[in-house]
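One file, data.cif, is given below (mmCIF, C-alpha atoms).
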data_data
loop_
_atom_site.label_atom_id
_atom_site.label_comp_id
_atom_site.auth_asym_id
_atom_site.auth_seq_id
_atom_site.Cartn_x
_atom_site.Cartn_y
_atom_site.Cartn_z
CA MET W 1 -24.54 90.25 92.81
CA PHE W 2 -27.51 92.39 93.81
CA ARG W 3 -28.12 95.48 91.74
CA VAL W 4 -30.55 98.19 90.79
CA VAL W 5 -29.84 99.52 87.29
CA ARG W 6 -31.32 101.91 84.72
CA GLU W 7 -30.26 99.95 81.62
CA PRO W 8 -31.78 96.78 80.14
CA ILE W 9 -30.79 93.70 82.14
CA ASN W 10 -28.47 91.14 80.59
CA LEU W 11 -29.82 87.66 81.41
CA GLN W 12 -26.71 85.80 80.31
CA GLU W 13 -24.54 87.97 82.59
CA LEU W 14 -26.53 86.88 85.65
CA VAL W 15 -26.52 83.23 84.61
CA THR W 16 -22.79 83.31 83.95
CA TYR W 17 -22.29 84.83 87.40
CA VAL W 18 -24.16 82.02 89.19
CA THR W 19 -22.71 79.21 87.06
CA HIS W 20 -20.63 77.00 89.33
CA PRO W 21 -18.85 73.61 88.94
CA SER W 22 -20.74 72.17 91.93
CA ALA W 23 -24.12 73.24 90.54
CA GLY W 24 -26.30 70.90 88.51
CA ALA W 25 -29.22 73.32 88.33
CA ILE W 26 -29.84 76.98 87.64
CA ALA W 27 -33.33 78.45 88.04
CA THR W 28 -34.12 81.90 86.77
CA PHE W 29 -37.11 84.18 86.99
CA ILE W 30 -37.67 87.07 84.62
CA GLY W 31 -40.41 89.59 85.33
CA THR W 32 -41.57 91.31 82.16
CA THR W 33 -43.97 94.16 81.49
CA ARG W 34 -47.35 92.72 80.49
CA ASN W 35 -49.66 94.55 78.08
CA ASN W 36 -52.68 94.36 80.37
CA ASN W 37 -53.56 94.55 84.05
CA GLU W 38 -56.96 94.32 85.68
CA GLY W 39 -58.69 95.21 82.43
CA ARG W 40 -56.43 98.17 81.67
CA LYS W 41 -54.39 98.35 78.49
CA VAL W 42 -50.87 98.89 79.78
CA ILE W 43 -48.44 101.05 77.80
CA ALA W 44 -45.39 100.72 80.05
CA LEU W 45 -44.32 100.39 83.67
CA ASP W 46 -42.17 103.09 85.22
CA TYR W 47 -40.13 101.89 88.20
CA GLU W 48 -38.69 104.03 90.98
CA ALA W 49 -36.41 102.79 93.77
CA TYR W 50 -34.62 103.82 96.90
CA PRO W 51 -31.56 102.30 95.21
CA GLU W 52 -29.10 102.06 98.11
CA MET W 53 -31.66 100.42 100.38
CA ALA W 54 -33.11 98.28 97.58
CA GLU W 55 -29.70 96.75 96.83
CA LYS W 56 -29.21 96.15 100.54
CA GLU W 57 -32.60 94.40 100.77
CA LEU W 58 -31.86 92.30 97.68
CA ALA W 59 -28.60 91.18 99.28
CA ARG W 60 -30.52 90.37 102.47
CA ILE W 61 -32.84 88.15 100.44
CA GLY W 62 -29.77 86.39 99.03
CA GLU W 63 -28.40 85.76 102.54
CA GLU W 64 -31.73 84.45 103.73
CA ALA W 65 -31.99 82.13 100.72
CA LYS W 66 -28.51 80.80 101.50
CA ARG W 67 -29.59 80.02 105.04
CA ASN W 68 -32.80 78.30 103.96
CA TRP W 69 -31.65 76.24 100.96
CA LYS W 70 -28.48 74.59 99.76
CA ILE W 71 -27.63 76.99 96.97
CA GLU W 72 -24.32 77.96 95.40
CA ARG W 73 -24.94 81.51 94.15
CA MET W 74 -27.74 84.00 93.65
CA ALA W 75 -27.88 87.12 91.53
CA ILE W 76 -30.72 89.63 91.31
CA THR W 77 -30.91 92.71 89.12
CA HIS W 78 -33.89 95.06 89.18
CA ARG W 79 -34.26 97.69 86.52
CA ILE W 80 -35.75 101.13 87.21
CA GLY W 81 -37.11 103.82 84.92
CA PRO W 82 -39.51 103.02 82.07
CA VAL W 83 -39.77 99.33 81.12
CA GLN W 84 -41.67 98.67 77.89
CA ILE W 85 -43.99 95.73 77.13
CA THR W 86 -42.01 92.41 76.98
CA GLU W 87 -38.90 93.97 78.56
CA PRO W 88 -37.55 92.50 81.82
CA SER W 89 -37.89 94.60 84.97
CA VAL W 90 -36.28 92.02 87.23
CA ILE W 91 -34.13 88.93 86.74
CA ILE W 92 -33.24 86.40 89.43
CA ALA W 93 -30.74 83.59 88.87
CA VAL W 94 -29.91 80.87 91.41
CA SER W 95 -27.56 77.93 91.14
CA ALA W 96 -27.62 74.83 93.34
CA ALA W 97 -26.34 71.27 93.34
CA HIS W 98 -29.94 70.05 93.04
CA ARG W 99 -32.92 71.53 91.24
CA ASP W 100 -35.32 71.57 94.17
CA ASP W 101 -33.17 74.08 96.07
CA ALA W 102 -32.70 76.24 92.97
CA PHE W 103 -36.44 76.41 92.25
CA GLN W 104 -37.43 77.08 95.84
CA ALA W 105 -34.84 79.78 96.43
CA CYS W 106 -35.78 81.47 93.14
CA ARG W 107 -39.45 81.48 94.05
CA PHE W 108 -38.66 82.76 97.54
CA ALA W 109 -36.63 85.65 96.09
CA ILE W 110 -39.38 86.99 93.84
CA GLU W 111 -41.99 86.71 96.60
CA GLU W 112 -39.71 88.62 99.01
CA ILE W 113 -38.91 91.28 96.43
CA LYS W 114 -42.60 92.02 96.11
CA LYS W 115 -42.95 92.30 99.89
CA THR W 116 -39.96 94.20 101.24
CA VAL W 117 -37.71 95.80 98.63
CA PRO W 118 -38.23 99.58 98.31
CA ILE W 119 -39.12 99.66 94.62
CA TRP W 120 -42.37 101.00 93.20
CA LYS W 121 -44.02 100.68 89.83
CA LYS W 122 -46.23 103.23 88.23
CA GLU W 123 -48.45 101.71 85.60
CA VAL W 124 -48.90 103.90 82.54
CA PHE W 125 -52.08 102.73 80.85
CA GLU W 126 -54.40 104.00 78.14
CA GLY W 127 -56.23 106.77 79.93
CA GLY W 128 -54.00 107.42 82.92
CA GLU W 129 -51.39 106.22 85.32
CA VAL W 130 -51.40 104.69 88.79
CA TRP W 131 -48.88 103.70 91.46
CA ILE W 132 -49.47 99.97 91.86
CA GLY W 133 -50.12 98.87 95.42
CA THR W 134 -51.24 102.27 96.70
CA GLN W 135 -54.80 102.30 95.43
CA THR W 136 -56.84 102.84 98.60
CA GLY W 137 -57.93 99.56 100.10
CA GLN W 138 -56.85 97.56 97.07
CA PRO W 139 -54.51 94.62 97.42
CA LEU W 140 -51.34 94.63 95.43
CA ALA W 141 -51.93 93.26 91.95
CA GLY W 142 -50.26 89.91 91.40
CA ARG W 143 -48.09 89.15 88.46
CA MET Y 1 -39.94 74.95 70.17
CA PHE Y 2 -38.80 71.51 71.29
CA ARG Y 3 -35.41 70.41 70.13
CA VAL Y 4 -32.56 67.99 70.59
CA VAL Y 5 -29.25 69.49 69.45
CA ARG Y 6 -25.54 68.68 69.41
CA GLU Y 7 -24.28 72.27 69.86
CA PRO Y 8 -24.21 74.39 73.02
CA ILE Y 9 -27.67 75.73 73.87
CA ASN Y 10 -28.36 79.44 73.55
CA LEU Y 11 -30.36 80.54 76.61
CA GLN Y 12 -31.31 83.93 75.21
CA GLU Y 13 -32.72 82.32 72.07
CA LEU Y 14 -35.18 80.27 74.12
CA VAL Y 15 -36.15 83.23 76.29
CA THR Y 16 -36.67 85.41 73.22
CA TYR Y 17 -38.87 82.70 71.74
CA VAL Y 18 -41.18 82.54 74.79
CA THR Y 19 -41.27 86.32 75.33
CA HIS Y 20 -44.84 87.47 74.79
CA PRO Y 21 -46.73 90.77 75.30
CA SER Y 22 -49.34 89.05 77.50
CA ALA Y 23 -46.68 87.49 79.73
CA GLY Y 24 -45.53 89.08 82.97
CA ALA Y 25 -43.34 86.17 83.98
CA ILE Y 26 -40.76 83.88 82.42
CA ALA Y 27 -39.33 80.97 84.39
CA THR Y 28 -36.34 79.06 83.12
CA PHE Y 29 -34.50 75.98 84.23
CA ILE Y 30 -30.97 75.18 83.17
CA GLY Y 31 -29.49 71.77 83.90
CA THR Y 32 -25.70 71.90 84.03
CA THR Y 33 -23.01 69.24 84.39
CA ARG Y 34 -21.93 69.06 88.02
CA ASN Y 35 -18.37 68.11 88.99
CA ASN Y 36 -19.45 65.40 91.44
CA ASN Y 37 -22.11 62.71 91.83
CA GLU Y 38 -22.54 60.21 94.65
CA GLY Y 39 -18.96 60.66 95.72
CA ARG Y 40 -17.53 60.30 92.22
CA LYS Y 41 -15.44 63.04 90.64
CA VAL Y 42 -17.26 63.71 87.37
CA ILE Y 43 -15.27 64.65 84.27
CA ALA Y 44 -18.17 65.11 81.85
CA LEU Y 45 -21.59 63.77 80.94
CA ASP Y 46 -22.16 62.21 77.55
CA TYR Y 47 -25.78 62.28 76.39
CA GLU Y 48 -27.43 60.03 73.84
CA ALA Y 49 -30.98 60.37 72.53
CA TYR Y 50 -33.57 58.82 70.30
CA PRO Y 51 -33.83 62.27 68.78
CA GLU Y 52 -37.06 62.01 66.76
CA MET Y 53 -38.97 60.49 69.67
CA ALA Y 54 -37.31 62.76 72.23
CA GLU Y 55 -38.47 65.88 70.37
CA LYS Y 56 -41.95 64.39 70.13
CA GLU Y 57 -41.99 63.69 73.88
CA LEU Y 58 -40.73 67.20 74.66
CA ALA Y 59 -43.56 68.63 72.56
CA ARG Y 60 -46.00 66.35 74.40
CA ILE Y 61 -44.76 67.80 77.69
CA GLY Y 62 -45.41 71.28 76.29
CA GLU Y 63 -48.98 70.34 75.33
CA GLU Y 64 -49.63 68.85 78.72
CA ALA Y 65 -48.24 71.95 80.45
CA LYS Y 66 -50.57 74.11 78.34
CA ARG Y 67 -53.54 72.04 79.46
CA ASN Y 68 -52.55 72.17 83.14
CA TRP Y 69 -51.46 75.80 83.54
CA LYS Y 70 -52.23 79.14 81.98
CA ILE Y 71 -49.01 79.62 80.07
CA GLU Y 72 -48.22 81.52 76.90
CA ARG Y 73 -45.26 79.64 75.44
CA MET Y 74 -42.79 76.94 76.32
CA ALA Y 75 -39.45 76.05 74.76
CA ILE Y 76 -37.18 73.14 75.63
CA THR Y 77 -33.81 72.31 74.15
CA HIS Y 78 -31.82 69.27 75.21
CA ARG Y 79 -28.23 68.90 74.14
CA ILE Y 80 -26.65 65.53 73.32
CA GLY Y 81 -23.03 64.42 73.01
CA PRO Y 82 -20.41 65.39 75.60
CA VAL Y 83 -21.38 68.19 78.00
CA GLN Y 84 -18.52 69.55 80.11
CA ILE Y 85 -18.69 70.73 83.74
CA THR Y 86 -20.80 73.95 84.05
CA GLU Y 87 -22.22 73.58 80.53
CA PRO Y 88 -26.01 73.34 80.09
CA SER Y 89 -27.43 69.99 78.98
CA VAL Y 90 -31.04 71.16 79.01
CA ILE Y 91 -32.80 74.51 79.08
CA ILE Y 92 -36.53 75.05 79.64
CA ALA Y 93 -38.20 78.45 79.27
CA VAL Y 94 -41.88 79.15 80.02
CA SER Y 95 -43.81 82.39 79.81
CA ALA Y 96 -47.14 83.11 81.51
CA ALA Y 97 -49.28 86.05 82.51
CA HIS Y 98 -48.58 85.22 86.17
CA ARG Y 99 -45.51 83.80 87.85
CA ASP Y 100 -47.17 80.90 89.61
CA ASP Y 101 -48.11 79.26 86.31
CA ALA Y 102 -44.64 79.88 84.87
CA PHE Y 103 -42.86 78.32 87.87
CA GLN Y 104 -45.17 75.31 88.08
CA ALA Y 105 -45.06 74.52 84.37
CA CYS Y 106 -41.27 74.86 84.34
CA ARG Y 107 -40.92 72.49 87.27
CA PHE Y 108 -43.36 70.05 85.70
CA ALA Y 109 -41.34 70.03 82.47
CA ILE Y 110 -38.02 69.07 84.06
CA GLU Y 111 -39.65 66.36 86.19
CA GLU Y 112 -41.34 64.88 83.10
CA ILE Y 113 -38.15 65.05 81.05
CA LYS Y 114 -36.43 62.91 83.66
CA LYS Y 115 -39.27 60.38 83.56
CA THR Y 116 -40.32 59.87 79.96
CA VAL Y 117 -38.04 61.46 77.35
CA PRO Y 118 -35.76 58.93 75.62
CA ILE Y 119 -32.44 60.55 76.50
CA TRP Y 120 -29.66 58.88 78.43
CA LYS Y 121 -26.59 60.19 80.16
CA LYS Y 122 -23.36 58.35 80.61
CA GLU Y 123 -21.31 59.74 83.44
CA VAL Y 124 -17.59 59.84 82.74
CA PHE Y 125 -15.86 59.98 86.10
CA GLU Y 126 -12.34 59.55 87.40
CA GLY Y 127 -11.91 55.80 87.22
CA GLY Y 128 -14.65 54.79 84.85
CA GLU Y 129 -17.98 55.51 83.27
CA VAL Y 130 -21.57 54.49 83.94
CA TRP Y 131 -24.97 54.84 82.31
CA ILE Y 132 -26.98 56.75 84.91
CA GLY Y 133 -30.26 55.07 85.85
CA THR Y 134 -29.26 51.60 84.74
CA GLN Y 135 -27.12 50.52 87.67
CA THR Y 136 -28.78 47.32 88.84
CA GLY Y 137 -31.28 47.98 91.56
CA GLN Y 138 -30.07 51.55 92.04
CA PRO Y 139 -32.52 54.41 91.83
CA LEU Y 140 -31.86 57.17 89.35
CA ALA Y 141 -29.54 59.77 90.84
CA GLY Y 142 -31.28 63.09 91.47
CA ARG Y 143 -29.91 66.36 90.32
CA MET J 1 -31.28 118.16 115.13
CA LYS J 2 -31.10 117.83 111.35
CA ILE J 3 -32.66 114.83 109.62
CA LYS J 4 -32.43 113.92 105.95
CA VAL J 5 -35.88 112.91 104.73
CA LYS J 6 -36.59 110.91 101.56
CA PHE J 7 -39.91 110.57 99.79
CA PHE J 8 -40.56 108.03 97.07
CA ALA J 9 -43.21 107.23 94.48
CA ILE J 10 -46.67 108.47 95.48
CA LEU J 11 -45.32 110.27 98.57
CA ARG J 12 -42.70 112.04 96.48
CA GLU J 13 -45.43 113.21 94.14
CA ARG J 14 -47.65 114.34 97.02
CA ALA J 15 -44.81 116.18 98.79
CA GLY J 16 -43.64 117.63 95.50
CA VAL J 17 -40.06 116.89 96.51
CA GLY J 18 -37.87 113.78 96.79
CA GLU J 19 -35.52 114.85 99.54
CA VAL J 20 -35.57 117.53 102.25
CA THR J 21 -33.58 118.32 105.38
CA LYS J 22 -35.82 118.78 108.36
CA GLU J 23 -34.98 120.33 111.73
CA ILE J 24 -36.71 118.54 114.63
CA PRO J 25 -36.32 118.56 118.43
CA GLU J 26 -33.84 116.21 120.10
CA GLY J 27 -35.50 112.98 121.20
CA SER J 28 -37.99 112.95 118.35
CA THR J 29 -39.19 109.62 117.01
CA VAL J 30 -39.98 108.62 113.45
CA ALA J 31 -43.67 109.12 114.25
CA ASP J 32 -42.95 112.66 115.50
CA LEU J 33 -41.08 113.45 112.30
CA TRP J 34 -43.94 112.12 110.19
CA GLN J 35 -46.39 114.33 112.11
CA ALA J 36 -44.19 117.39 111.54
CA LEU J 37 -43.93 116.59 107.84
CA LYS J 38 -47.68 116.22 107.49
CA ASN J 39 -48.09 119.69 108.98
CA GLU J 40 -45.59 121.10 106.49
CA TYR J 41 -46.88 119.11 103.47
CA PRO J 42 -50.64 118.84 103.93
CA LYS J 43 -50.97 116.58 100.89
CA LEU J 44 -49.12 113.86 102.84
CA ALA J 45 -51.86 113.82 105.46
CA PRO J 46 -54.40 111.35 104.00
CA VAL J 47 -53.73 108.01 105.64
CA ASP J 48 -54.83 105.82 102.75
CA MET J 49 -52.03 103.30 102.69
CA ARG J 50 -49.82 101.27 104.97
CA LEU J 51 -46.51 103.08 105.44
CA LEU J 52 -43.20 101.55 106.40
CA TYR J 53 -40.35 103.54 107.91
CA ALA J 54 -36.65 103.18 107.23
CA VAL J 55 -33.82 104.83 109.14
CA ASN J 56 -30.38 104.67 107.56
CA ARG J 57 -31.73 102.05 105.13
CA ASN J 58 -33.16 99.68 107.71
CA TYR J 59 -36.83 99.22 108.45
CA VAL J 60 -37.76 100.47 111.95
CA ASN J 61 -40.86 100.92 114.10
CA PRO J 62 -42.52 104.35 114.32
CA ASP J 63 -41.33 104.77 117.92
CA HIS J 64 -37.70 104.55 116.78
CA ALA J 65 -35.73 107.50 118.29
CA LEU J 66 -33.87 109.62 115.75
CA LYS J 67 -30.32 110.98 115.91
CA GLU J 68 -28.62 113.92 114.24
CA ARG J 69 -28.07 113.33 110.47
CA ASP J 70 -30.19 110.19 110.30
CA GLU J 71 -31.57 109.40 106.84
CA VAL J 72 -35.28 108.66 107.11
CA ALA J 73 -37.40 107.25 104.30
CA PHE J 74 -41.16 106.94 104.24
CA VAL J 75 -41.91 103.83 102.26
CA PRO J 76 -45.31 103.48 100.59
CA PRO J 77 -46.44 99.93 99.71
CA VAL J 78 -43.70 98.44 97.56
CA SER J 79 -44.53 97.01 94.14
CA GLY J 80 -41.27 95.90 92.59
CA GLY J 81 -40.85 92.76 90.57
CA MET M 1 -42.43 40.72 58.30
CA LYS M 2 -39.54 43.21 58.54
CA ILE M 3 -39.15 45.36 61.64
CA LYS M 4 -36.67 48.17 62.19
CA VAL M 5 -35.15 47.81 65.65
CA LYS M 6 -33.32 50.55 67.56
CA PHE M 7 -31.06 50.12 70.56
CA PHE M 8 -29.89 53.00 72.72
CA ALA M 9 -27.37 53.67 75.47
CA ILE M 10 -26.57 50.57 77.52
CA LEU M 11 -28.62 48.31 75.21
CA ARG M 12 -26.80 49.66 72.15
CA GLU M 13 -23.50 48.87 73.83
CA ARG M 14 -24.65 45.37 74.83
CA ALA M 15 -26.03 44.60 71.38
CA GLY M 16 -22.96 46.13 69.76
CA VAL M 17 -25.20 47.83 67.22
CA GLY M 18 -27.64 50.79 67.20
CA GLU M 19 -30.04 49.70 64.52
CA VAL M 20 -30.94 46.38 62.89
CA THR M 21 -33.68 45.06 60.63
CA LYS M 22 -35.25 41.91 62.00
CA GLU M 23 -37.51 39.40 60.23
CA ILE M 24 -40.25 38.04 62.53
CA PRO M 25 -43.46 36.07 61.97
CA GLU M 26 -46.76 37.85 61.22
CA GLY M 27 -48.73 38.55 64.39
CA SER M 28 -45.67 38.92 66.59
CA THR M 29 -45.86 41.27 69.55
CA VAL M 30 -43.20 43.54 70.97
CA ALA M 31 -42.53 40.90 73.64
CA ASP M 32 -42.02 38.26 70.94
CA LEU M 33 -39.55 40.50 69.14
CA TRP M 34 -37.65 41.14 72.37
CA GLN M 35 -37.41 37.38 72.97
CA ALA M 36 -36.07 36.84 69.45
CA LEU M 37 -33.52 39.59 69.91
CA LYS M 38 -32.31 38.16 73.21
CA ASN M 39 -31.69 34.85 71.45
CA GLU M 40 -29.71 36.60 68.75
CA TYR M 41 -27.82 38.97 71.10
CA PRO M 42 -27.24 37.00 74.33
CA LYS M 43 -25.76 40.06 76.06
CA LEU M 44 -29.24 41.63 75.99
CA ALA M 45 -30.61 38.79 78.10
CA PRO M 46 -29.88 39.94 81.68
CA VAL M 47 -33.08 41.50 82.97
CA ASP M 48 -31.45 44.02 85.27
CA MET M 49 -33.46 47.12 84.46
CA ARG M 50 -36.98 48.25 83.71
CA LEU M 51 -37.44 48.46 79.95
CA LEU M 52 -39.95 50.57 78.06
CA TYR M 53 -41.05 49.81 74.52
CA ALA M 54 -41.77 52.30 71.76
CA VAL M 55 -43.34 51.56 68.41
CA ASN M 56 -43.13 54.27 65.78
CA ARG M 57 -42.02 56.69 68.50
CA ASN M 58 -44.90 56.05 70.90
CA TYR M 59 -44.67 54.09 74.12
CA VAL M 60 -46.64 50.83 73.96
CA ASN M 61 -47.26 47.76 76.10
CA PRO M 62 -45.28 44.55 75.46
CA ASP M 63 -48.37 42.84 74.03
CA HIS M 64 -48.63 45.45 71.27
CA ALA M 65 -48.96 43.67 67.88
CA LEU M 66 -46.40 44.65 65.28
CA LYS M 67 -46.90 45.48 61.61
CA GLU M 68 -44.57 45.34 58.63
CA ARG M 69 -41.94 48.15 58.71
CA ASP M 70 -42.72 49.25 62.27
CA GLU M 71 -39.86 51.04 64.03
CA VAL M 72 -39.36 49.49 67.47
CA ALA M 73 -37.14 50.96 70.17
CA PHE M 74 -36.12 49.30 73.43
CA VAL M 75 -35.81 52.07 75.95
CA PRO M 76 -33.62 51.56 79.01
CA PRO M 77 -34.32 53.80 82.02
CA VAL M 78 -34.09 57.37 80.77
CA SER M 79 -31.78 59.84 82.46
CA GLY M 80 -32.03 63.07 80.53
CA GLY M 81 -32.06 66.50 82.13
#

Output the file's structure in the form of structure tokens.
Amino acid sequence: MFRVVREPINLQELVTYVTHPSAGAIATFIGTTRNNNEGRKVIALDYEAYPEMAEKELARIGEEAKRNWKIERMAITHRIGPVQITEPSVIIAVSAAHRDDAFQACRFAIEEIKKTVPIWKKEVFEGGEVWIGTQTGQPLAGR
Amino acid sequence: MFRVVREPINLQELVTYVTHPSAGAIATFIGTTRNNNEGRKVIALDYEAYPEMAEKELARIGEEAKRNWKIERMAITHRIGPVQITEPSVIIAVSAAHRDDAFQACRFAIEEIKKTVPIWKKEVFEGGEVWIGTQTGQPLAGR
Amino acid sequence: MKIKVKFFAILRERAGVGEVTKEIPEGSTVADLWQALKNEYPKLAPVDMRLLYAVNRNYVNPDHALKERDEVAFVPPVSGG
Amino acid sequence: MKIKVKFFAILRERAGVGEVTKEIPEGSTVADLWQALKNEYPKLAPVDMRLLYAVNRNYVNPDHALKERDEVAFVPPVSGG
């Protein structure tokens, strides 16, 4: 289940989707909007996507995770539009027989999302706004 | 929030508890009952705890995680009594400004739980039951 | 031939449009299309970021040859998550 | 002196009881208490696992000296998670 949505993401829905009788472990990652970034007071993040390609890339990450680790199921939902402080912008859930595979595949997914999936965040901060990752010569801010 | 409970664990409750305006990342781990273990067909796991000490040890793990990583909040709930296939026996949630701290602290917590927290699982399988970890000379089964 | 072009995020703002149909000569590559677009939308010209190129929702190299009705996206540095 | 003793999991099943109060001499250690309990509950005797000892909900070494009304737990290999 790999989706780009405009509405708030339902964590339990993703976890229910990956729940599996052969799985002893589920790892999840939730990215939330933080109230500060590089000294700026953040008001909200506003996400934009190339939705059709983003969902395709998310599914590709799922396939790659399945090849690299022994996992049962993966689900990723990325939200677009404005995401307020403390709200989730992305949730990843992965189930596996053993916890090591679940953790590693989950970590892999978020790292890949930040590298290849056509989604962009504009940071709205006190005093302005900026597309993260496109400041000239500046590396992408970590989260 | 470090608890040992008899009822099903509410994932969203833990995540809501660790949600924090300064956090950009929440990592969770959910341990679920798997339908098989070392070739045995598992029917359910039945957990027993020394509840007062277990909660104290869980809180100690939280303190140690706070010293080792830059995290905002941690919550751990371990369920005792019978836990059916696919049901969570333990849920850990950790929030942090950055994802690396959240992942590492979450992983640390589950490893520590399996080492030091006075909780025991009896595996009820087709054909018998066994206290995991106490089979003579046998190492503790991984999950 | 007709190509569907998509701009996102900072490029969408610079172009002032999210999607356009562009007529380009047969045999054009993604790099040729990008050059033509920069002539038409001068604000796209500053090369101040690493761009990726997608044709029909797959990443491609700039020398990728285009076909009639391809959907081409110019992808500024992604920052999802 | 009186000590509150707790058994869990496989030890509880072997002892046939989860909690007992045990009278032991002043100056006894955790190891002394364990020896006394093995005499009283012979099924506890087989040393087929690594035991941990907790006094008043903290792990201690077997030479830890006990005090009146201490709560002592014998902790078989844990397997939570």

TODO: Find the residues in chain Y near chain W: any atom within 9 Å counts, using only C-alpha atoms. Write them as a ChimeraX atom specification.
DONE: /Y:11-12,19-36,85-88,97-100,102-103,107,142-143

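Pairwise distance (CA of Pro118 in chain W, CA of Gly81 in chain J) equals 10.6 Å.
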
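In this comparison, which uses all atoms listed in the file, the residue of Y:Glu64, Y:Glu13, Y:Glu52, Y:Glu72 approaching chain M most closely is Y:Glu52.
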
Proximity check chain Y to chain M, 7 Å, nearest pairs one decimal Å, only C-alpha atoms, as JSON lines:
{"residue": "Y:Gly31", "atom": "CA", "partner": "M:Gly81", "partner_atom": "CA", "distance": 6.1}
{"residue": "Y:Glu48", "atom": "CA", "partner": "M:Ala9", "partner_atom": "CA", "distance": 6.6}
{"residue": "Y:Met53", "atom": "CA", "partner": "M:Arg57", "partner_atom": "CA", "distance": 5.0}
{"residue": "Y:Ser89", "atom": "CA", "partner": "M:Gly81", "partner_atom": "CA", "distance": 6.6}
{"residue": "Y:Val90", "atom": "CA", "partner": "M:Gly81", "partner_atom": "CA", "distance": 5.7}
{"residue": "Y:Ile110", "atom": "CA", "partner": "M:Gly81", "partner_atom": "CA", "distance": 6.8}
{"residue": "Y:Ile113", "atom": "CA", "partner": "M:Gly81", "partner_atom": "CA", "distance": 6.4}
{"residue": "Y:Lys114", "atom": "CA", "partner": "M:Gly80", "partner_atom": "CA", "distance": 5.4}
{"residue": "Y:Lys115", "atom": "CA", "partner": "M:Val78", "partner_atom": "CA", "distance": 6.6}
{"residue": "Y:Thr116", "atom": "CA", "partner": "M:Val78", "partner_atom": "CA", "distance": 6.8}
{"residue": "Y:Val117", "atom": "CA", "partner": "M:Val78", "partner_atom": "CA", "distance": 6.6}
{"residue": "Y:Pro118", "atom": "CA", "partner": "M:Val78", "partner_atom": "CA", "distance": 5.6}
{"residue": "Y:Ile119", "atom": "CA", "partner": "M:Gly80", "partner_atom": "CA", "distance": 4.8}
{"residue": "Y:Trp120", "atom": "CA", "partner": "M:Ser79", "partner_atom": "CA", "distance": 4.7}
{"residue": "Y:Lys121", "atom": "CA", "partner": "M:Ser79", "partner_atom": "CA", "distance": 5.7}
{"residue": "Y:Trp131", "atom": "CA", "partner": "M:Ile10", "partner_atom": "CA", "distance": 6.6}
{"residue": "Y:Ile132", "atom": "CA", "partner": "M:Ser79", "partner_atom": "CA", "distance": 6.2}
{"residue": "Y:Gly133", "atom": "CA", "partner": "M:Pro77", "partner_atom": "CA", "distance": 5.7}
{"residue": "Y:Thr134", "atom": "CA", "partner": "M:Met49", "partner_atom": "CA", "distance": 6.1}
{"residue": "Y:Thr136", "atom": "CA", "partner": "M:Asp48", "partner_atom": "CA", "distance": 5.5}

Take the residues just selected and output them with C-alpha atoms as a PDB file, in the coordinates of the input.
ATOM      1  CA  GLY Y  31     -29.490  71.770  83.900  1.00  0.00           C
ATOM      2  CA  GLU Y  48     -27.430  60.030  73.840  1.00  0.00           C
ATOM      3  CA  MET Y  53     -38.970  60.490  69.670  1.00  0.00           C
ATOM      4  CA  SER Y  89     -27.430  69.990  78.980  1.00  0.00           C
ATOM      5  CA  VAL Y  90     -31.040  71.160  79.010  1.00  0.00           C
ATOM      6  CA  ILE Y 110     -38.020  69.070  84.060  1.00  0.00           C
ATOM      7  CA  ILE Y 113     -38.150  65.050  81.050  1.00  0.00           C
ATOM      8  CA  LYS Y 114     -36.430  62.910  83.660  1.00  0.00           C
ATOM      9  CA  LYS Y 115     -39.270  60.380  83.560  1.00  0.00           C
ATOM     10  CA  THR Y 116     -40.320  59.870  79.960  1.00  0.00           C
ATOM     11  CA  VAL Y 117     -38.040  61.460  77.350  1.00  0.00           C
ATOM     12  CA  PRO Y 118     -35.760  58.930  75.620  1.00  0.00           C
ATOM     13  CA  ILE Y 119     -32.440  60.550  76.500  1.00  0.00           C
ATOM     14  CA  TRP Y 120     -29.660  58.880  78.430  1.00  0.00           C
ATOM     15  CA  LYS Y 121     -26.590  60.190  80.160  1.00  0.00           C
ATOM     16  CA  TRP Y 131     -24.970  54.840  82.310  1.00  0.00           C
ATOM     17  CA  ILE Y 132     -26.980  56.750  84.910  1.00  0.00           C
ATOM     18  CA  GLY Y 133     -30.260  55.070  85.850  1.00  0.00           C
ATOM     19  CA  THR Y 134     -29.260  51.600  84.740  1.00  0.00           C
ATOM     20  CA  THR Y 136     -28.780  47.320  88.840  1.00  0.00           C
TER      21      THR Y 136
END

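The spacing separating CA of Val72 in chain M from CA of Thr21 in chain M amounts to 9.9 Å.
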
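Picture a line from CA of Thr77 in chain W to CA of Met74 in chain Y; it runs 23.5 Å.
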